[in-house]
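Before any comments, here is the structure.
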Amino acid sequence: MVNAEMSQATNHNLAGIVDANRRTDLVMAGIGISVLIVAMSLLAAVVIDLIVGGWPRLMNPEFYLNFPSRHPIQAGIVSAWVGTILVMLVTACIAIPLGVGAGVYLEEYAARNWITDFIEINVSNLAGVPSIIYGLLALGLFIHGFGLGETILTAGLVLALLILPVIIVSTREAIRGIPLDLREAAYGLGADKWQTVRLYVLPAARSGILTGMIVGLARAIGEAAPVITIGALTFIAFLPPSPLQASPPFINFEWLESPFTIMPIQMFNWVSRPQAEFHINAAAAGVILMLMTLAMNGVAIWLRYHLRRQVR
């Protein structure tokens, strides 16, 4: 009889605990959904405002093909979006190999000592450094130190430095998430360290590494402070030389030494003007910049999904 009463009391207490946990889960889920709704509403409001404000220019084909002009109706973004694509190409070619390589070395090869701990702490701290600091560094190092000038190459270098810590940290986290059993199985099959990393660890971690790359590039494409610091033009009426040419060797590197502008700087220039027509141009340019970022993210999501299916 006593045991039965104790069992009923225990079940009653457990039922009370379960009910309390369910109520807590419902409250936390409600808070999370509310925060998500507020954040998405604010984002949707910004996007809708930009689309509505820039719609007259978005529907004009000349807006995508004209150079900037003192007359807002004739102004376009061709030099800005071409410059943005070229700068992001340089940034990706520099930051991705260095970031992934550094992450692989720190996670797989570096000895565990105070030097490695010091490097890890500084890499993590560099990910939160304001972008203007990187612009000042590039101004002193690349322009005044190395004499590279205010070129596409300099812009790509400074943005690569900006996102390098993000790629390193994301690469390390992706590699760290791979089970140790996979490495031990590779060693058991006779693979050495590099074969294990190249053939087993990196293919399993590449979806996470790709996510870090896109996060870094998405940050770089919207940065204006570093490139303004190194002297990017706010008004440019010509395009850099094409990276491709008809005659051998079919690749041209003269565009790396060309002056440039990018979409955020073009938007800043138009917003700072008092005429309302320039503000319409800035809103339309903002929509184009978001579409470029979404397109880049869309390609990355497709690649990540494809790579995950291969791993499975």
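If you're wondering about the labels, chains in the structure tokens are A, B, ... by order shown, residues count from 1 in each chain, ligands from 1 in order shown.
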DSSP on the backbone: which residues in segment 111-310 of chain A end up as helix (DSSP H, G or I)? Give the answer as JSON, numbers by chain.
{"A": [114, 115, 116, 117, 118, 119, 120, 121, 122, 123, 124, 125, 126, 131, 132, 133, 134, 135, 136, 137, 138, 139, 140, 141, 142, 143, 144, 145, 152, 153, 154, 155, 156, 157, 158, 159, 160, 161, 162, 163, 164, 165, 166, 167, 168, 169, 170, 171, 172, 173, 174, 175, 176, 180, 181, 182, 183, 184, 185, 186, 187, 188, 193, 194, 195, 196, 197, 198, 199, 200, 201, 202, 203, 204, 205, 206, 207, 208, 209, 210, 211, 212, 213, 214, 215, 216, 217, 218, 219, 220, 221, 225, 226, 227, 228, 229, 254, 255, 256, 257, 263, 264, 265, 266, 267, 268, 269, 270, 271, 276, 277, 278, 279, 280, 281, 282, 283, 284, 285, 286, 287, 288, 289, 290, 291, 292, 293, 294, 295, 296, 297, 298, 299, 300, 301, 302, 303, 304, 305, 306, 307, 308, 309, 310]}
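For Ile51 of chain A, the residues within 8 Å (counting only C-alpha atoms, excluding itself and residues fewer than 3 positions away along the chain) are A:Val47, A:Ile48, A:Gly54, A:Trp55, A:Ala283, A:Ala284, A:Val287.
Distance annotation: of A:Glu108, A:Asp117, A:Asp25, A:Glu62, the residue with the minimal separation from Trp194 of chain A is A:Glu108; atom set is only C-alpha atoms.
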Of the listed residues A:Asn113, A:Ile33, A:Leu210, A:Pro61, that which approaches Gly99 of chain A most closely, counting only C-alpha atoms
A:Leu210
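In terms of minimum interatomic distance to Gly128 of chain A, A:Val169 ranks closest within A:Ile280, A:Leu239, A:Met263, A:Val169, counting only C-alpha atoms.
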Non-local contacts of Thr211 of chain A (8 Å; only C-alpha atoms; under 4 positions in same chain excluded) as a PyMOL selection string
chain A and resi 170+207+215+300+304
Based on the selection just made, write C-alpha atoms of those residues as a JSON list (two decimals), in the first residue's frame.
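File part_29.json, as written:
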```json
[["chain", "number", "residue", "atom", "x", "y", "z"],
["A", 170, "SER", "CA", 34.65, 28.45, -40.34],
["A", 207, "SER", "CA", 29.85, 22.01, -47.17],
["A", 215, "VAL", "CA", 29.44, 34.38, -45.34],
["A", 300, "ALA", "CA", 26.51, 28.41, -52.70],
["A", 304, "ARG", "CA", 26.33, 22.79, -50.60]]
```
Shell of 8 Å around Val166 of chain A, only C-alpha atoms, local chain residues under 2 positions omitted, as an MDAnalysis selection string:
chainID A and resid 127 163:164 168:170 212:213 215:216
Output the selection as a PDB file, in the first residue's frame - all heavy atoms for each residue.
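Output below, filename part_4.pdb:
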```
ATOM      1  N   ALA A 127      38.417  38.680 -36.528  1.00  0.00           N
ATOM      2  CA  ALA A 127      37.107  38.570 -37.179  1.00  0.00           C
ATOM      3  C   ALA A 127      36.156  39.666 -36.735  1.00  0.00           C
ATOM      4  O   ALA A 127      35.185  39.971 -37.439  1.00  0.00           O
ATOM      5  CB  ALA A 127      36.495  37.199 -36.892  1.00  0.00           C
ATOM      6  N   ILE A 163      38.011  39.338 -44.718  1.00  0.00           N
ATOM      7  CA  ILE A 163      37.219  38.115 -44.548  1.00  0.00           C
ATOM      8  C   ILE A 163      38.083  36.895 -44.252  1.00  0.00           C
ATOM      9  O   ILE A 163      37.544  35.815 -44.000  1.00  0.00           O
ATOM     10  CB  ILE A 163      36.359  37.851 -45.793  1.00  0.00           C
ATOM     11  CG1 ILE A 163      37.232  37.510 -47.005  1.00  0.00           C
ATOM     12  CG2 ILE A 163      35.475  39.039 -46.088  1.00  0.00           C
ATOM     13  CD1 ILE A 163      36.440  37.083 -48.226  1.00  0.00           C
ATOM     14  N   LEU A 164      39.392  37.052 -44.276  1.00  0.00           N
ATOM     15  CA  LEU A 164      40.272  35.912 -44.016  1.00  0.00           C
ATOM     16  C   LEU A 164      40.024  35.263 -42.652  1.00  0.00           C
ATOM     17  O   LEU A 164      39.941  34.028 -42.563  1.00  0.00           O
ATOM     18  CB  LEU A 164      41.729  36.356 -44.147  1.00  0.00           C
ATOM     19  CG  LEU A 164      42.787  35.249 -44.245  1.00  0.00           C
ATOM     20  CD1 LEU A 164      42.526  34.365 -45.458  1.00  0.00           C
ATOM     21  CD2 LEU A 164      44.184  35.863 -44.336  1.00  0.00           C
ATOM     22  N   ILE A 168      38.948  31.291 -42.028  1.00  0.00           N
ATOM     23  CA  ILE A 168      39.795  30.423 -41.203  1.00  0.00           C
ATOM     24  C   ILE A 168      38.976  29.782 -40.081  1.00  0.00           C
ATOM     25  O   ILE A 168      39.042  28.569 -39.851  1.00  0.00           O
ATOM     26  CB  ILE A 168      40.976  31.224 -40.627  1.00  0.00           C
ATOM     27  CG1 ILE A 168      41.923  31.660 -41.742  1.00  0.00           C
ATOM     28  CG2 ILE A 168      41.734  30.386 -39.601  1.00  0.00           C
ATOM     29  CD1 ILE A 168      43.054  32.556 -41.270  1.00  0.00           C
ATOM     30  N   VAL A 169      38.208  30.590 -39.385  1.00  0.00           N
ATOM     31  CA  VAL A 169      37.420  30.066 -38.261  1.00  0.00           C
ATOM     32  C   VAL A 169      36.376  29.062 -38.753  1.00  0.00           C
ATOM     33  O   VAL A 169      36.200  27.987 -38.149  1.00  0.00           O
ATOM     34  CB  VAL A 169      36.753  31.224 -37.497  1.00  0.00           C
ATOM     35  CG1 VAL A 169      35.770  30.700 -36.461  1.00  0.00           C
ATOM     36  CG2 VAL A 169      37.814  32.094 -36.824  1.00  0.00           C
ATOM     37  N   SER A 170      35.678  29.371 -39.832  1.00  0.00           N
ATOM     38  CA  SER A 170      34.654  28.453 -40.343  1.00  0.00           C
ATOM     39  C   SER A 170      35.280  27.158 -40.852  1.00  0.00           C
ATOM     40  O   SER A 170      34.696  26.074 -40.682  1.00  0.00           O
ATOM     41  CB  SER A 170      33.849  29.126 -41.452  1.00  0.00           C
ATOM     42  OG  SER A 170      34.681  29.445 -42.559  1.00  0.00           O
ATOM     43  N   GLY A 212      31.205  29.064 -44.829  1.00  0.00           N
ATOM     44  CA  GLY A 212      32.067  30.136 -44.343  1.00  0.00           C
ATOM     45  C   GLY A 212      32.556  31.040 -45.454  1.00  0.00           C
ATOM     46  O   GLY A 212      32.659  32.261 -45.280  1.00  0.00           O
ATOM     47  N   MET A 213      32.874  30.471 -46.605  1.00  0.00           N
ATOM     48  CA  MET A 213      33.298  31.292 -47.740  1.00  0.00           C
ATOM     49  C   MET A 213      32.211  32.281 -48.144  1.00  0.00           C
ATOM     50  O   MET A 213      32.480  33.471 -48.377  1.00  0.00           O
ATOM     51  CB  MET A 213      33.633  30.388 -48.931  1.00  0.00           C
ATOM     52  CG  MET A 213      34.827  29.483 -48.755  1.00  0.00           C
ATOM     53  SD  MET A 213      35.015  28.448 -50.223  1.00  0.00           S
ATOM     54  CE  MET A 213      36.313  27.332 -49.679  1.00  0.00           C
ATOM     55  N   VAL A 215      29.653  33.376 -46.379  1.00  0.00           N
ATOM     56  CA  VAL A 215      29.442  34.383 -45.339  1.00  0.00           C
ATOM     57  C   VAL A 215      30.489  35.483 -45.448  1.00  0.00           C
ATOM     58  O   VAL A 215      30.175  36.682 -45.359  1.00  0.00           O
ATOM     59  CB  VAL A 215      29.476  33.725 -43.947  1.00  0.00           C
ATOM     60  CG1 VAL A 215      29.503  34.781 -42.853  1.00  0.00           C
ATOM     61  CG2 VAL A 215      28.277  32.813 -43.757  1.00  0.00           C
ATOM     62  N   GLY A 216      31.743  35.093 -45.669  1.00  0.00           N
ATOM     63  CA  GLY A 216      32.793  36.091 -45.815  1.00  0.00           C
ATOM     64  C   GLY A 216      32.616  36.949 -47.056  1.00  0.00           C
ATOM     65  O   GLY A 216      32.730  38.178 -47.000  1.00  0.00           O
TER      66      GLY A 216
END
```
Skipping near chain neighbours, those fewer than 3 positions away, what residues fall within 8 Å of segment 172-177 of chain A using only C-alpha atoms, listed as an NGL selection string?
:A and (103-104 or 106-107 or 168-169 or 201-202 or 205-206 or 208-209)
Can I get the selected residues back with N, CA and C atoms, as a PDB file, in the first residue's frame?
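Wrote it out as part-v1.pdb, contents follow:
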```
ATOM      1  N   GLY A 103      43.275  27.303 -42.102  1.00  0.00           N
ATOM      2  CA  GLY A 103      42.396  26.534 -41.228  1.00  0.00           C
ATOM      3  C   GLY A 103      42.790  25.073 -41.154  1.00  0.00           C
ATOM      4  N   VAL A 104      43.140  24.488 -42.301  1.00  0.00           N
ATOM      5  CA  VAL A 104      43.573  23.087 -42.312  1.00  0.00           C
ATOM      6  C   VAL A 104      44.858  22.912 -41.514  1.00  0.00           C
ATOM      7  N   LEU A 106      46.088  24.836 -39.039  1.00  0.00           N
ATOM      8  CA  LEU A 106      45.898  25.036 -37.607  1.00  0.00           C
ATOM      9  C   LEU A 106      45.153  23.879 -36.961  1.00  0.00           C
ATOM     10  N   GLU A 107      44.256  23.248 -37.694  1.00  0.00           N
ATOM     11  CA  GLU A 107      43.437  22.190 -37.095  1.00  0.00           C
ATOM     12  C   GLU A 107      44.085  20.821 -37.203  1.00  0.00           C
ATOM     13  N   ILE A 168      38.948  31.291 -42.028  1.00  0.00           N
ATOM     14  CA  ILE A 168      39.795  30.423 -41.203  1.00  0.00           C
ATOM     15  C   ILE A 168      38.976  29.782 -40.081  1.00  0.00           C
ATOM     16  N   VAL A 169      38.208  30.590 -39.385  1.00  0.00           N
ATOM     17  CA  VAL A 169      37.420  30.066 -38.261  1.00  0.00           C
ATOM     18  C   VAL A 169      36.376  29.062 -38.753  1.00  0.00           C
ATOM     19  N   VAL A 201      38.877  14.032 -45.005  1.00  0.00           N
ATOM     20  CA  VAL A 201      38.426  15.095 -44.105  1.00  0.00           C
ATOM     21  C   VAL A 201      37.842  16.258 -44.888  1.00  0.00           C
ATOM     22  N   LEU A 202      38.584  16.777 -45.869  1.00  0.00           N
ATOM     23  CA  LEU A 202      38.096  17.935 -46.619  1.00  0.00           C
ATOM     24  C   LEU A 202      36.818  17.645 -47.399  1.00  0.00           C
ATOM     25  N   ALA A 205      34.023  17.863 -44.972  1.00  0.00           N
ATOM     26  CA  ALA A 205      33.830  19.176 -44.345  1.00  0.00           C
ATOM     27  C   ALA A 205      33.561  20.283 -45.353  1.00  0.00           C
ATOM     28  N   ARG A 206      33.528  19.988 -46.645  1.00  0.00           N
ATOM     29  CA  ARG A 206      33.496  21.068 -47.631  1.00  0.00           C
ATOM     30  C   ARG A 206      32.190  21.846 -47.627  1.00  0.00           C
ATOM     31  N   GLY A 208      30.505  22.778 -44.938  1.00  0.00           N
ATOM     32  CA  GLY A 208      30.699  23.795 -43.906  1.00  0.00           C
ATOM     33  C   GLY A 208      31.714  24.839 -44.309  1.00  0.00           C
ATOM     34  N   ILE A 209      32.779  24.412 -44.987  1.00  0.00           N
ATOM     35  CA  ILE A 209      33.780  25.366 -45.470  1.00  0.00           C
ATOM     36  C   ILE A 209      33.160  26.307 -46.491  1.00  0.00           C
TER      37      ILE A 209
END
```
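Residues surrounding segment 143-155 of chain A within 7 Å are Val87, Val90, Ala138, Leu139, Leu159, Val227, Ile230, Gly231, Ala232, Leu256, Glu257, Ser258, Pro259 and Phe260 of chain A [only C-alpha atoms; sequence separation below 4 positions excluded].
What separates atom CA of Leu199 of chain A from atom CA of Ile167 of chain A is a distance of 20.5 Å.
When only C-alpha atoms are used to measure the gap to Phe142 of chain A, the shortest distance among A:Leu126, A:Ile178, A:Leu161, A:Ile96 belongs to A:Leu161.
Minimum atom-to-atom distances from A:Val299, A:Asn125, A:Arg70, A:Pro226 to Gln275 of chain A were compared using only C-alpha atoms, and the lowest value belongs to A:Arg70.
Here the question is which of A:Gly101, A:Gly140, A:Gly76, A:Pro243 gets nearest to Met267 of chain A using only C-alpha atoms, and that residue is A:Gly76.
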In Å to one decimal, how far is atom CA of His71 of chain A from atom CA of Met59 of chain A?
17.8 Å
